Structure formats: C-alpha cells, structure tokens
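Colleague: Input target_14.tsv, format and content: TSV, C-alpha atoms.
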chain	number	residue	atom	x	y	z
A	839	MET	CA	0.00	0.00	0.00
A	840	SER	CA	1.38	3.37	-0.95
A	841	THR	CA	1.92	6.19	1.55
A	842	PRO	CA	-1.06	8.58	1.50
A	843	ILE	CA	-0.58	12.14	0.21
A	844	LYS	CA	-2.53	14.95	1.88
A	845	ARG	CA	-2.83	18.20	-0.07
A	846	HIS	CA	-3.69	21.54	1.56
A	847	ASN	CA	-5.40	24.62	0.05
A	848	PRO	CA	-5.26	23.84	-3.65
A	849	GLY	CA	-5.18	26.95	-5.86
A	850	PRO	CA	-5.15	27.23	-9.66
A	851	VAL	CA	-1.58	25.97	-10.06
A	852	LEU	CA	-0.34	24.60	-6.74
A	853	CYS	CA	-1.16	23.48	-3.22
A	854	ARG	CA	-0.06	25.56	-0.24
A	855	ALA	CA	1.33	22.42	1.46
A	856	VAL	CA	1.62	18.70	0.79
A	857	GLU	CA	2.02	16.04	3.50
A	858	TYR	CA	3.68	12.81	2.47
A	859	GLY	CA	4.83	10.22	4.99
A	860	ASN	CA	6.92	12.05	7.56
A	861	LEU	CA	7.56	15.07	5.29
A	862	VAL	CA	5.70	18.34	4.79
A	863	PHE	CA	6.43	20.37	1.65
A	864	VAL	CA	5.34	24.04	1.71
A	865	ALA	CA	4.96	26.08	-1.48
A	866	GLY	CA	7.09	29.11	-2.32
A	867	THR	CA	5.49	31.81	-0.16
A	868	THR	CA	5.35	35.57	-0.79
A	869	ALA	CA	3.82	38.49	1.12
A	870	GLU	CA	0.46	40.13	0.36
A	871	ASN	CA	1.74	43.56	1.42
A	872	LYS	CA	3.98	44.30	-1.58
A	873	SER	CA	4.65	47.88	-0.46
A	874	ALA	CA	6.35	46.62	2.71
A	875	SER	CA	10.14	46.43	3.13
A	876	CYS	CA	12.02	43.21	2.52
A	877	LYS	CA	12.16	42.68	6.30
A	878	ALA	CA	8.42	43.22	6.75
A	879	GLN	CA	7.64	41.01	3.76
A	880	THR	CA	9.81	38.28	5.30
A	881	GLU	CA	7.95	38.62	8.61
A	882	GLU	CA	4.61	38.21	6.83
A	883	ILE	CA	5.92	35.21	4.88
A	884	LEU	CA	7.22	33.48	8.00
A	885	LYS	CA	3.83	33.95	9.69
A	886	LYS	CA	2.17	32.31	6.68
A	887	ILE	CA	4.69	29.46	6.78
A	888	ASP	CA	3.91	28.97	10.51
A	889	GLU	CA	0.24	28.63	9.61
A	890	ALA	CA	0.89	26.21	6.73
A	891	LEU	CA	3.14	24.05	8.92
A	892	ALA	CA	0.62	24.01	11.77
A	893	ALA	CA	-2.19	22.96	9.41
A	894	ALA	CA	0.01	20.06	8.29
A	895	GLY	CA	0.91	18.94	11.81
A	896	SER	CA	4.40	20.44	11.81
A	897	SER	CA	6.11	23.59	13.08
A	898	LYS	CA	9.20	25.74	12.54
A	899	SER	CA	11.02	23.55	15.10
A	900	LYS	CA	10.85	20.72	12.59
A	901	LEU	CA	12.20	22.63	9.60
A	902	LEU	CA	14.61	20.59	7.48
A	903	TRP	CA	15.27	22.58	4.30
A	904	ALA	CA	14.70	26.12	3.03
A	905	ASN	CA	15.25	28.06	-0.19
A	906	VAL	CA	15.10	31.86	-0.05
A	907	TRP	CA	14.94	34.04	-3.17
A	908	LEU	CA	15.56	37.79	-2.96
A	909	THR	CA	14.76	40.28	-5.73
A	910	ASP	CA	17.88	42.15	-4.62
A	911	ILE	CA	20.56	40.13	-2.84
A	912	ARG	CA	21.72	43.33	-1.15
A	913	GLU	CA	18.61	43.03	1.03
A	914	LYS	CA	19.87	39.74	2.49
A	915	ALA	CA	20.69	41.33	5.88
A	916	GLU	CA	17.10	42.62	6.13
A	917	MET	CA	15.67	39.20	5.36
A	918	ASP	CA	18.12	37.55	7.76
A	919	ALA	CA	17.09	39.90	10.59
A	920	ALA	CA	13.51	38.67	10.29
A	921	TRP	CA	14.66	35.06	9.78
A	922	LYS	CA	16.90	35.08	12.90
A	923	ALA	CA	14.10	36.55	15.04
A	924	TRP	CA	11.82	33.73	13.85
A	925	VAL	CA	13.85	30.55	13.45
A	926	ASP	CA	14.03	28.15	16.41
A	927	PRO	CA	17.64	28.67	17.59
A	928	ASP	CA	17.96	24.98	18.48
A	929	ASN	CA	16.43	23.71	15.25
A	930	LYS	CA	17.77	25.57	12.25
A	931	PRO	CA	17.28	23.97	8.81
A	932	VAL	CA	19.73	23.84	5.94
A	933	ARG	CA	19.17	26.81	3.64
A	934	ALA	CA	20.25	28.43	0.38
A	935	CYS	CA	19.60	32.11	-0.35
A	936	VAL	CA	20.05	33.47	-3.87
A	937	GLU	CA	18.84	36.38	-5.98
A	938	ALA	CA	15.99	35.94	-8.47
A	939	ARG	CA	13.46	38.21	-10.07
A	940	LEU	CA	10.08	37.17	-8.64
A	941	ALA	CA	6.48	37.20	-9.91
A	942	THR	CA	6.16	40.98	-9.53
A	943	PRO	CA	8.91	43.62	-9.10
A	944	ASP	CA	7.61	44.65	-5.66
A	945	THR	CA	7.82	41.07	-4.39
A	946	ARG	CA	11.08	41.43	-2.45
A	947	VAL	CA	11.39	37.86	-1.14
A	948	GLU	CA	10.00	34.34	-1.57
A	949	ILE	CA	10.64	31.41	0.77
A	950	MET	CA	10.00	27.67	0.24
A	951	VAL	CA	10.50	25.12	3.02
A	952	THR	CA	10.34	21.41	3.73
A	953	ALA	CA	9.74	20.17	7.27
A	954	ALA	CA	9.42	16.99	9.30
A	955	LYS	CA	6.14	15.89	10.88
B	328	MET	CA	19.99	-2.57	5.43
B	329	SER	CA	19.87	0.71	3.60
B	330	THR	CA	17.05	1.69	1.23
B	331	PRO	CA	18.07	0.91	-2.37
B	332	ILE	CA	18.65	3.79	-4.84
B	333	LYS	CA	17.61	3.29	-8.46
B	334	ARG	CA	19.13	5.70	-10.98
B	335	HIS	CA	17.63	6.32	-14.44
B	336	ASN	CA	19.34	7.44	-17.67
B	337	PRO	CA	22.73	8.59	-16.40
B	338	GLY	CA	24.33	11.30	-18.55
B	339	PRO	CA	27.73	12.99	-18.22
B	340	VAL	CA	26.75	15.02	-15.12
B	341	LEU	CA	23.39	13.81	-13.82
B	342	CYS	CA	20.68	11.16	-13.90
B	343	ARG	CA	17.29	11.94	-15.42
B	344	ALA	CA	15.55	10.49	-12.34
B	345	VAL	CA	16.46	8.84	-9.05
B	346	GLU	CA	14.15	6.54	-7.07
B	347	TYR	CA	14.75	6.33	-3.34
B	348	GLY	CA	12.30	4.70	-0.95
B	349	ASN	CA	8.91	6.20	-1.68
B	350	LEU	CA	10.35	9.26	-3.45
B	351	VAL	CA	11.20	9.98	-7.09
B	352	PHE	CA	13.49	12.90	-7.87
B	353	VAL	CA	13.48	14.17	-11.48
B	354	ALA	CA	16.27	16.36	-12.89
B	355	GLY	CA	15.82	19.93	-14.05
B	356	THR	CA	14.22	19.44	-17.47
B	357	THR	CA	14.42	21.72	-20.53
B	358	ALA	CA	12.99	21.49	-24.05
B	359	GLU	CA	14.87	20.30	-27.14
B	360	ASN	CA	13.00	22.74	-29.39
B	361	LYS	CA	14.70	25.96	-28.31
B	362	SER	CA	13.02	28.03	-31.02
B	363	ALA	CA	9.59	27.26	-29.52
B	364	SER	CA	7.66	29.73	-27.32
B	365	CYS	CA	7.81	29.51	-23.53
B	366	LYS	CA	4.39	27.80	-23.60
B	367	ALA	CA	5.46	25.22	-26.19
B	368	GLN	CA	8.76	24.60	-24.37
B	369	THR	CA	6.77	24.02	-21.16
B	370	GLU	CA	4.51	21.53	-22.98
B	371	GLU	CA	7.54	19.62	-24.24
B	372	ILE	CA	9.11	19.63	-20.76
B	373	LEU	CA	5.94	18.34	-19.09
B	374	LYS	CA	5.77	15.50	-21.62
B	375	LYS	CA	9.37	14.58	-20.75
B	376	ILE	CA	8.55	14.74	-17.04
B	377	ASP	CA	5.56	12.41	-17.63
B	378	GLU	CA	7.94	9.94	-19.26
B	379	ALA	CA	10.55	10.18	-16.49
B	380	LEU	CA	7.88	9.71	-13.81
B	381	ALA	CA	6.34	6.73	-15.61
B	382	ALA	CA	9.75	5.05	-15.96
B	383	ALA	CA	10.19	5.44	-12.19
B	384	GLY	CA	6.76	4.04	-11.31
B	385	SER	CA	5.16	7.40	-10.59
B	386	SER	CA	2.93	9.92	-12.41
B	387	LYS	CA	1.89	13.58	-12.35
B	388	SER	CA	-0.91	12.62	-9.96
B	389	LYS	CA	1.75	11.90	-7.36
B	390	LEU	CA	3.67	15.17	-7.70
B	391	LEU	CA	4.83	16.59	-4.38
B	392	TRP	CA	7.20	19.49	-5.16
B	393	ALA	CA	8.18	21.57	-8.17
B	394	ASN	CA	10.64	24.36	-8.95
B	395	VAL	CA	10.14	26.35	-12.16
B	396	TRP	CA	12.76	28.71	-13.56
B	397	LEU	CA	11.90	31.19	-16.32
B	398	THR	CA	14.45	33.14	-18.37
B	399	ASP	CA	11.95	36.00	-18.33
B	400	ILE	CA	9.46	36.07	-15.46
B	401	ARG	CA	7.08	38.05	-17.69
B	402	GLU	CA	6.46	34.75	-19.51
B	403	LYS	CA	4.97	33.20	-16.34
B	404	ALA	CA	1.40	33.34	-17.70
B	405	GLU	CA	2.51	31.39	-20.79
B	406	MET	CA	4.17	28.73	-18.67
B	407	ASP	CA	1.18	28.60	-16.33
B	408	ALA	CA	-1.21	28.06	-19.25
B	409	ALA	CA	0.68	24.89	-20.18
B	410	TRP	CA	1.07	23.89	-16.52
B	411	LYS	CA	-2.68	24.25	-15.77
B	412	ALA	CA	-3.61	22.21	-18.84
B	413	TRP	CA	-1.27	19.46	-17.64
B	414	VAL	CA	-1.39	19.26	-13.85
B	415	ASP	CA	-3.86	16.85	-12.23
B	416	PRO	CA	-6.47	19.29	-10.82
B	417	ASP	CA	-7.00	17.07	-7.76
B	418	ASN	CA	-3.31	16.55	-7.10
B	419	LYS	CA	-1.35	19.77	-7.41
B	420	PRO	CA	2.13	19.89	-5.86
B	421	VAL	CA	3.72	22.74	-3.96
B	422	ARG	CA	5.69	24.94	-6.34
B	423	ALA	CA	8.01	27.93	-6.57
B	424	CYS	CA	8.53	29.86	-9.82
B	425	VAL	CA	11.38	32.35	-10.14
B	426	GLU	CA	13.43	33.98	-12.87
B	427	ALA	CA	16.90	32.67	-13.72
B	428	ARG	CA	19.12	32.78	-16.74
B	429	LEU	CA	19.36	29.17	-17.99
B	430	ALA	CA	21.99	27.11	-19.82
B	431	THR	CA	21.37	28.86	-23.16
B	432	PRO	CA	19.54	32.16	-23.85
B	433	ASP	CA	16.85	30.42	-25.93
B	434	THR	CA	16.03	28.04	-23.08
B	435	ARG	CA	12.89	29.83	-21.85
B	436	VAL	CA	11.99	27.50	-18.98
B	437	GLU	CA	13.34	24.68	-16.81
B	438	ILE	CA	11.30	22.53	-14.41
B	439	MET	CA	12.45	20.18	-11.63
B	440	VAL	CA	10.03	17.98	-9.69
B	441	THR	CA	9.88	15.48	-6.85
B	442	ALA	CA	7.08	12.93	-6.71
B	443	ALA	CA	5.75	10.10	-4.60
B	444	LYS	CA	5.81	6.49	-5.78
C	713	MET	CA	7.07	8.22	17.82
C	714	SER	CA	8.40	10.75	15.37
C	715	THR	CA	11.59	10.20	13.37
C	716	PRO	CA	14.53	11.92	15.12
C	717	ILE	CA	16.18	14.95	13.45
C	718	LYS	CA	19.95	15.39	13.82
C	719	ARG	CA	21.32	18.85	13.11
C	720	HIS	CA	25.00	19.51	12.29
C	721	ASN	CA	27.08	22.67	12.80
C	722	PRO	CA	24.40	25.25	13.56
C	723	GLY	CA	25.38	28.79	12.58
C	724	PRO	CA	23.48	32.07	13.02
C	725	VAL	CA	20.87	31.27	10.36
C	726	LEU	CA	21.21	27.64	9.29
C	727	CYS	CA	22.71	24.22	9.95
C	728	ARG	CA	25.37	22.83	7.66
C	729	ALA	CA	23.50	19.50	7.41
C	730	VAL	CA	20.33	17.92	8.76
C	731	GLU	CA	19.76	14.15	9.06
C	732	TYR	CA	16.16	12.98	8.99
C	733	GLY	CA	15.20	9.34	8.59
C	734	ASN	CA	17.09	8.03	5.59
C	735	LEU	CA	17.75	11.51	4.15
C	736	VAL	CA	20.61	13.99	4.60
C	737	PHE	CA	20.02	17.62	3.61
C	738	VAL	CA	23.15	19.77	3.11
C	739	ALA	CA	23.01	23.59	3.10
C	740	GLY	CA	23.84	25.72	0.10
C	741	THR	CA	27.65	25.69	0.13
C	742	THR	CA	30.06	28.34	-1.15
C	743	ALA	CA	33.86	28.59	-1.23
C	744	GLU	CA	36.00	30.52	1.25
C	745	ASN	CA	38.52	31.46	-1.43
C	746	LYS	CA	36.47	34.07	-3.29
C	747	SER	CA	39.40	35.10	-5.51
C	748	ALA	CA	39.55	31.60	-7.01
C	749	SER	CA	38.08	30.73	-10.42
C	750	CYS	CA	34.64	29.19	-10.73
C	751	LYS	CA	36.31	25.79	-11.24
C	752	ALA	CA	38.48	26.15	-8.14
C	753	GLN	CA	35.56	27.43	-6.07
C	754	THR	CA	33.55	24.38	-7.19
C	755	GLU	CA	36.40	22.09	-6.14
C	756	GLU	CA	36.51	23.69	-2.69
C	757	ILE	CA	32.72	23.44	-2.37
C	758	LEU	CA	32.68	19.75	-3.34
C	759	LYS	CA	35.35	19.03	-0.72
C	760	LYS	CA	33.17	20.76	1.90
C	761	ILE	CA	30.15	18.76	0.75
C	762	ASP	CA	32.17	15.54	1.08
C	763	GLU	CA	32.95	16.51	4.68
C	764	ALA	CA	29.34	17.41	5.50
C	765	LEU	CA	28.07	14.15	3.99
C	766	ALA	CA	30.68	12.08	5.85
C	767	ALA	CA	29.76	13.73	9.17
C	768	ALA	CA	26.13	12.76	8.52
C	769	GLY	CA	26.91	9.14	7.63
C	770	SER	CA	26.56	9.59	3.88
C	771	SER	CA	28.82	10.15	0.86
C	772	LYS	CA	28.78	11.43	-2.70
C	773	SER	CA	27.90	7.91	-3.87
C	774	LYS	CA	24.53	8.37	-2.19
C	775	LEU	CA	23.68	11.75	-3.74
C	776	LEU	CA	20.03	12.05	-4.76
C	777	TRP	CA	19.42	15.70	-5.68
C	778	ALA	CA	21.50	18.81	-6.38
C	779	ASN	CA	20.88	22.48	-7.18
C	780	VAL	CA	23.76	24.52	-8.57
C	781	TRP	CA	23.67	28.32	-8.84
C	782	LEU	CA	26.23	30.19	-10.93
C	783	THR	CA	26.81	33.96	-10.80
C	784	ASP	CA	27.48	33.74	-14.53
C	785	ILE	CA	25.90	30.83	-16.41
C	786	ARG	CA	28.67	31.14	-19.01
C	787	GLU	CA	30.96	29.55	-16.37
C	788	LYS	CA	28.87	26.34	-16.42
C	789	ALA	CA	31.57	24.39	-18.32
C	790	GLU	CA	34.13	25.33	-15.63
C	791	MET	CA	31.81	24.18	-12.85
C	792	ASP	CA	30.96	21.01	-14.77
C	793	ALA	CA	34.65	20.16	-15.21
C	794	ALA	CA	35.08	20.10	-11.43
C	795	TRP	CA	31.72	18.34	-10.96
C	796	LYS	CA	32.54	15.55	-13.46
C	797	ALA	CA	35.94	14.96	-11.85
C	798	TRP	CA	34.21	14.60	-8.47
C	799	VAL	CA	30.86	12.88	-8.96
C	800	ASP	CA	30.69	9.09	-8.61
C	801	PRO	CA	30.24	8.01	-12.27
C	802	ASP	CA	27.94	5.16	-11.21
C	803	ASN	CA	25.86	7.25	-8.85
C	804	LYS	CA	24.97	10.61	-10.32
C	805	PRO	CA	22.10	12.57	-8.73
C	806	VAL	CA	19.40	14.57	-10.47
C	807	ARG	CA	20.49	18.19	-10.80
C	808	ALA	CA	19.40	21.64	-11.91
C	809	CYS	CA	21.91	24.40	-12.70
C	810	VAL	CA	20.74	27.99	-13.11
C	811	GLU	CA	22.17	31.49	-12.88
C	812	ALA	CA	21.65	33.59	-9.74
C	813	ARG	CA	23.44	36.48	-8.12
C	814	LEU	CA	24.88	35.10	-4.87
C	815	ALA	CA	25.69	36.56	-1.44
C	816	THR	CA	28.75	38.44	-2.72
C	817	PRO	CA	29.76	39.26	-6.33
C	818	ASP	CA	32.96	37.19	-6.09
C	819	THR	CA	30.99	34.09	-5.04
C	820	ARG	CA	30.97	32.35	-8.42
C	821	VAL	CA	29.02	29.23	-7.47
C	822	GLU	CA	26.82	27.74	-4.74
C	823	ILE	CA	25.75	24.09	-4.49
C	824	MET	CA	23.02	22.49	-2.33
C	825	VAL	CA	22.52	18.72	-2.18
C	826	THR	CA	20.30	16.06	-0.66
C	827	ALA	CA	21.64	12.53	-0.16
C	828	ALA	CA	20.60	9.13	1.09
C	829	LYS	CA	22.04	7.59	4.25
Let me see the structure of the file written as structure tokens.
Modeller:
Amino acid sequence: MSTPIKRHNPGPVLCRAVEYGNLVFVAGTTAENKSASCKAQTEEILKKIDEALAAAGSSKSKLLWANVWLTDIREKAEMDAAWKAWVDPDNKPVRACVEARLATPDTRVEIMVTAAK
Amino acid sequence: MSTPIKRHNPGPVLCRAVEYGNLVFVAGTTAENKSASCKAQTEEILKKIDEALAAAGSSKSKLLWANVWLTDIREKAEMDAAWKAWVDPDNKPVRACVEARLATPDTRVEIMVTAAK
Amino acid sequence: MSTPIKRHNPGPVLCRAVEYGNLVFVAGTTAENKSASCKAQTEEILKKIDEALAAAGSSKSKLLWANVWLTDIREKAEMDAAWKAWVDPDNKPVRACVEARLATPDTRVEIMVTAAK
C-alpha cells in the first residue's frame, strides 16, 4: 500500500502544502503587502509558513530545508534579521539564499520550506 | 539494510531520475526545441517529465514538489497556461517559480520535480 | 514516535546539514577562497560537501538531488569540469543548474545537495 498524500489549500496551479509520509512540503510563499520592506515582507511570509506548517501537523522547530529568493541580494541582511528573530535557535534547517526576479517587481522575497512531521 | 537507490538514464553530469524509498526525484528538465515559445517549451518539458515519472513508477498525480525557472518572469502566464492544462487538478504539488538565466539564452523555462511512488 | 532529526554545525541562520530518517540535507555551500576561479571554487565546495556528507553518515555515492547556482551561467563548463571529476560516475544525482546572483559578487558558485544515508 502506498503512503497517503494529503494536499492543503489547492489553488489554480499549486497546493499551499503537501504532506507525504513524515515530510511536509510548503509552497514558495510571498507576502500580500507588496509595499512593505524586505524585512516586513519576510515577517509576513514566516507567519504564513507557521500557519501552513501548523495545518500540516508540523512547526518551525521541525524545519529541514529552506530556499530563499531575494529580488535584490543586497537586502539579504534585512531578510536575515527577520529570519533570525523567527527561526528556532535549536532547530535551524539547511538553507540556500540566492537572488531571483520574482512574480512581480515589488515582491522582495520568496521562501520555500520542507519540514518533518 | 539501507534503502536501495535506483538511478535512471545517467548522462555525463546527472541522472534523469532517481528513485529512493517512496520518493522519485526528477532532474531539471528543458525542451529540445529551443526556437519554440515559452508555452510550447513548457509543454515539451511536461511530456518529458511524464515519461521520467512513468519510468520510475510514478505519475503527475503523485507530484509533491516543483521548482520552475523562467528566463523571463514576464512569460509566467505562458508557462502557467501549459502547466494548468497538464497538472492533475485534484493533485497539485507545492511549487516555486522564479526567474533565472538558464543554460542557453533560448532556453525559456526549466522545471524540476519530486514525486511520490 | 516521530523520526529523530539530527542537526550539524548550527550557525546564526542555518545548519550545515540535517539528518532525517534516511535523508541527509546539506546547506547551500560556497567557497572561502572568493578570488579563485569558478572551477576552483567548485572544487573547494565539493570538498566541503564531502565533509558534510561524511559527518552525517553519507557520501557522494549516495547523492540524490543537487541544485547549482552560478553567478554567470557562461561559467557552467568550468563548474561542470570540477563536478565531473568529483561525482561518482555510477551514482549521479538529479540536478538543476541555473544562474543567480549570490551573497557576494565574487561568489561564483553555490551548491546544495540532498543525499541518502
């Protein structure tokens, strides 16, 4: 029997989160408030990731893997300030952070994570 | 005893797909027809991903995770048109889509997925 | 009982590697010697990945997945020369390689991998 897949909040192209065995995959997440700074956008994103993880029976303390994209890599310190205030100091994931133009020019940051359950 | 790893279609630098336990990892996939539009390149890529998944005992209905890179993020709607026509509406994965220059300038899109078995 | 998570070398924002079940996630890795060529930076990175994998009970022969980012995609052949000299010819992972501006302009390449244990 194959491991069941549980899909959360399907939209037109993707699901917000997918549970599979002992893994939770969360979609690339951006902020609604596009006029906010990179730091504030990151804070909003991390709140949304908290919610997605909770709905899938996980939490930031079980983060395994993260990919961060910044529209301007020079805003990395801003993003990291919000990240450091949020991440569980005893349970940091692996991470890569690179620059990439995102869906709209005022989207300053996008974050995608995978967590344990 | 460790979980066996099954590797598909090894090339000079990578395998097209790798099966491991209940997971199937597929390599970043691009189109052969580089003169085609972003939409047509996406259609070709998704056909190749179907084939790679089938060879590894999976299918698009078991997609878990996807990363899409576009040479020009303004072509996202084109890519999404092909994606929406292809993806199983009841089984959408998580996804991130960002801009990145790819191996050649006429490569408009590259897609990498992970699926369940 | 949930699968234990083992975290290696925590820094201010991330861990170098995370073991979870039969998977090992390694963080996006860059070279210390920023004045080196893309090829030499790749060689240094692959040595660091070897060390991270060994510390987590894995090795390059168990690579499953890789993402490579290049500051200039035209240096792909240089990166691939170092990659081909390093990768286990019988055990190549899936991989995607795209261009992205990285943390500093002289960082020519960053590599993130996931491996089996």
Colleague: Would you write out chain B as a short mmCIF file (atom, residue, chain, number, x, y, z; two decimals) with C-alpha atoms, keeping the file's coordinate frame, after superposing it on chain A by least squares over all in-order Cα pairs?
Modeller:
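Saved as part13.cif:
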data_model
loop_
_atom_site.label_atom_id
_atom_site.label_comp_id
_atom_site.auth_asym_id
_atom_site.auth_seq_id
_atom_site.Cartn_x
_atom_site.Cartn_y
_atom_site.Cartn_z
CA MET B 328 -0.02 0.01 -0.01
CA SER B 329 1.38 3.38 -0.95
CA THR B 330 1.93 6.19 1.57
CA PRO B 331 -1.05 8.57 1.51
CA ILE B 332 -0.59 12.15 0.20
CA LYS B 333 -2.54 14.95 1.89
CA ARG B 334 -2.83 18.19 -0.07
CA HIS B 335 -3.69 21.54 1.56
CA ASN B 336 -5.39 24.62 0.06
CA PRO B 337 -5.25 23.84 -3.66
CA GLY B 338 -5.16 26.95 -5.86
CA PRO B 339 -5.17 27.25 -9.66
CA VAL B 340 -1.57 25.98 -10.06
CA LEU B 341 -0.33 24.61 -6.74
CA CYS B 342 -1.16 23.49 -3.21
CA ARG B 343 -0.04 25.56 -0.24
CA ALA B 344 1.34 22.42 1.45
CA VAL B 345 1.61 18.70 0.79
CA GLU B 346 2.01 16.04 3.50
CA TYR B 347 3.69 12.81 2.48
CA GLY B 348 4.85 10.21 4.98
CA ASN B 349 6.93 12.04 7.55
CA LEU B 350 7.56 15.06 5.29
CA VAL B 351 5.70 18.34 4.79
CA PHE B 352 6.42 20.37 1.67
CA VAL B 353 5.33 24.03 1.71
CA ALA B 354 4.97 26.11 -1.47
CA GLY B 355 7.08 29.12 -2.32
CA THR B 356 5.49 31.82 -0.16
CA THR B 357 5.35 35.59 -0.79
CA ALA B 358 3.81 38.50 1.13
CA GLU B 359 0.46 40.13 0.37
CA ASN B 360 1.74 43.57 1.43
CA LYS B 361 3.96 44.31 -1.57
CA SER B 362 4.64 47.89 -0.47
CA ALA B 363 6.33 46.62 2.71
CA SER B 364 10.14 46.44 3.13
CA CYS B 365 12.03 43.20 2.51
CA LYS B 366 12.17 42.68 6.29
CA ALA B 367 8.43 43.21 6.75
CA GLN B 368 7.63 41.00 3.75
CA THR B 369 9.82 38.28 5.29
CA GLU B 370 7.95 38.61 8.61
CA GLU B 371 4.62 38.22 6.83
CA ILE B 372 5.91 35.20 4.88
CA LEU B 373 7.22 33.47 8.00
CA LYS B 374 3.84 33.95 9.68
CA LYS B 375 2.17 32.31 6.67
CA ILE B 376 4.69 29.46 6.78
CA ASP B 377 3.92 28.97 10.51
CA GLU B 378 0.25 28.63 9.60
CA ALA B 379 0.88 26.21 6.72
CA LEU B 380 3.14 24.05 8.91
CA ALA B 381 0.63 24.02 11.78
CA ALA B 382 -2.19 22.96 9.42
CA ALA B 383 0.01 20.05 8.30
CA GLY B 384 0.91 18.93 11.82
CA SER B 385 4.39 20.43 11.81
CA SER B 386 6.12 23.59 13.09
CA LYS B 387 9.22 25.73 12.55
CA SER B 388 11.01 23.56 15.10
CA LYS B 389 10.84 20.72 12.59
CA LEU B 390 12.21 22.63 9.60
CA LEU B 391 14.60 20.59 7.48
CA TRP B 392 15.28 22.60 4.29
CA ALA B 393 14.70 26.12 3.03
CA ASN B 394 15.26 28.05 -0.20
CA VAL B 395 15.11 31.86 -0.06
CA TRP B 396 14.95 34.04 -3.16
CA LEU B 397 15.56 37.79 -2.96
CA THR B 398 14.77 40.28 -5.73
CA ASP B 399 17.88 42.15 -4.63
CA ILE B 400 20.56 40.13 -2.84
CA ARG B 401 21.73 43.34 -1.15
CA GLU B 402 18.60 43.03 1.01
CA LYS B 403 19.86 39.73 2.50
CA ALA B 404 20.68 41.33 5.87
CA GLU B 405 17.10 42.63 6.12
CA MET B 406 15.67 39.20 5.37
CA ASP B 407 18.12 37.56 7.77
CA ALA B 408 17.09 39.91 10.59
CA ALA B 409 13.51 38.66 10.29
CA TRP B 410 14.66 35.06 9.79
CA LYS B 411 16.89 35.08 12.91
CA ALA B 412 14.10 36.54 15.04
CA TRP B 413 11.82 33.74 13.85
CA VAL B 414 13.83 30.54 13.46
CA ASP B 415 14.02 28.14 16.41
CA PRO B 416 17.64 28.66 17.58
CA ASP B 417 17.96 24.97 18.48
CA ASN B 418 16.43 23.72 15.26
CA LYS B 419 17.77 25.57 12.24
CA PRO B 420 17.28 23.97 8.82
CA VAL B 421 19.73 23.85 5.95
CA ARG B 422 19.17 26.81 3.65
CA ALA B 423 20.24 28.43 0.39
CA CYS B 424 19.61 32.11 -0.37
CA VAL B 425 20.05 33.46 -3.89
CA GLU B 426 18.85 36.38 -5.98
CA ALA B 427 16.00 35.93 -8.46
CA ARG B 428 13.48 38.21 -10.05
CA LEU B 429 10.08 37.16 -8.63
CA ALA B 430 6.49 37.19 -9.90
CA THR B 431 6.15 40.98 -9.54
CA PRO B 432 8.90 43.62 -9.10
CA ASP B 433 7.61 44.64 -5.66
CA THR B 434 7.82 41.06 -4.40
CA ARG B 435 11.09 41.43 -2.47
CA VAL B 436 11.38 37.87 -1.15
CA GLU B 437 10.00 34.35 -1.57
CA ILE B 438 10.63 31.40 0.77
CA MET B 439 10.00 27.67 0.25
CA VAL B 440 10.50 25.12 3.03
CA THR B 441 10.34 21.40 3.74
CA ALA B 442 9.74 20.17 7.27
CA ALA B 443 9.42 16.99 9.28
CA LYS B 444 6.14 15.91 10.86
#
Colleague: Counting all atoms listed in the file, note down every residue that has an atom within 6 Å of the point (8.7, 7.3, -9.3) (file coordinates), as a PyMOL selection string.
Modeller: chain B and resi 346+351+380+383-385+444
Colleague: Excluding Arg435 (chain B) and residues on its chain fewer than 4 positions from it, collect all residues at most 12 Å away from it, counting only C-alpha atoms, and give them as a count of residues only.
Modeller: 35
Colleague: Could you please select, counting only C-alpha atoms, the residues of chain C within 9 Å of chain B and state them as a PDB file with C-alpha atoms, in the coordinates of the input?
Modeller:
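Final file, out27.pdb:
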ATOM      1  CA  ASN C 734      17.090   8.030   5.590  1.00  0.00           C
ATOM      2  CA  LYS C 774      24.530   8.370  -2.190  1.00  0.00           C
ATOM      3  CA  LEU C 776      20.030  12.050  -4.760  1.00  0.00           C
ATOM      4  CA  TRP C 777      19.420  15.700  -5.680  1.00  0.00           C
ATOM      5  CA  ALA C 778      21.500  18.810  -6.380  1.00  0.00           C
ATOM      6  CA  ASN C 779      20.880  22.480  -7.180  1.00  0.00           C
ATOM      7  CA  ASP C 784      27.480  33.740 -14.530  1.00  0.00           C
ATOM      8  CA  ILE C 785      25.900  30.830 -16.410  1.00  0.00           C
ATOM      9  CA  ARG C 786      28.670  31.140 -19.010  1.00  0.00           C
ATOM     10  CA  LYS C 788      28.870  26.340 -16.420  1.00  0.00           C
ATOM     11  CA  ASP C 792      30.960  21.010 -14.770  1.00  0.00           C
ATOM     12  CA  TRP C 795      31.720  18.340 -10.960  1.00  0.00           C
ATOM     13  CA  LYS C 796      32.540  15.550 -13.460  1.00  0.00           C
ATOM     14  CA  VAL C 799      30.860  12.880  -8.960  1.00  0.00           C
ATOM     15  CA  PRO C 801      30.240   8.010 -12.270  1.00  0.00           C
ATOM     16  CA  ASP C 802      27.940   5.160 -11.210  1.00  0.00           C
ATOM     17  CA  ASN C 803      25.860   7.250  -8.850  1.00  0.00           C
ATOM     18  CA  LYS C 804      24.970  10.610 -10.320  1.00  0.00           C
ATOM     19  CA  PRO C 805      22.100  12.570  -8.730  1.00  0.00           C
ATOM     20  CA  VAL C 806      19.400  14.570 -10.470  1.00  0.00           C
ATOM     21  CA  ARG C 807      20.490  18.190 -10.800  1.00  0.00           C
ATOM     22  CA  ALA C 808      19.400  21.640 -11.910  1.00  0.00           C
ATOM     23  CA  CYS C 809      21.910  24.400 -12.700  1.00  0.00           C
ATOM     24  CA  VAL C 810      20.740  27.990 -13.110  1.00  0.00           C
ATOM     25  CA  GLU C 811      22.170  31.490 -12.880  1.00  0.00           C
ATOM     26  CA  ALA C 812      21.650  33.590  -9.740  1.00  0.00           C
ATOM     27  CA  ALA C 828      20.600   9.130   1.090  1.00  0.00           C
ATOM     28  CA  LYS C 829      22.040   7.590   4.250  1.00  0.00           C
TER      29      LYS C 829
END
Colleague: At what distance in Å, to one decimal, does CA of Lys898 (chain A) lie from CA of Lys886 (chain A)?
Modeller: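 CA of Lys886 (chain A) sits 11.3 Å away from CA of Lys898 (chain A).
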Colleague: For CA of Ala915 (chain A) and CA of Asp818 (chain C), determine how far apart the two atoms are, in Å to one decimal place.
Modeller: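 Separation of CA of Ala915 (chain A) and CA of Asp818 (chain C): 17.6 Å.
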Colleague: What separation in Å, quoted to one decimal, exists between CA of Ala923 (chain A) and CA of Leu884 (chain A)?
Modeller: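 Going from CA of Ala923 (chain A) over to CA of Leu884 (chain A) covers 10.3 Å.
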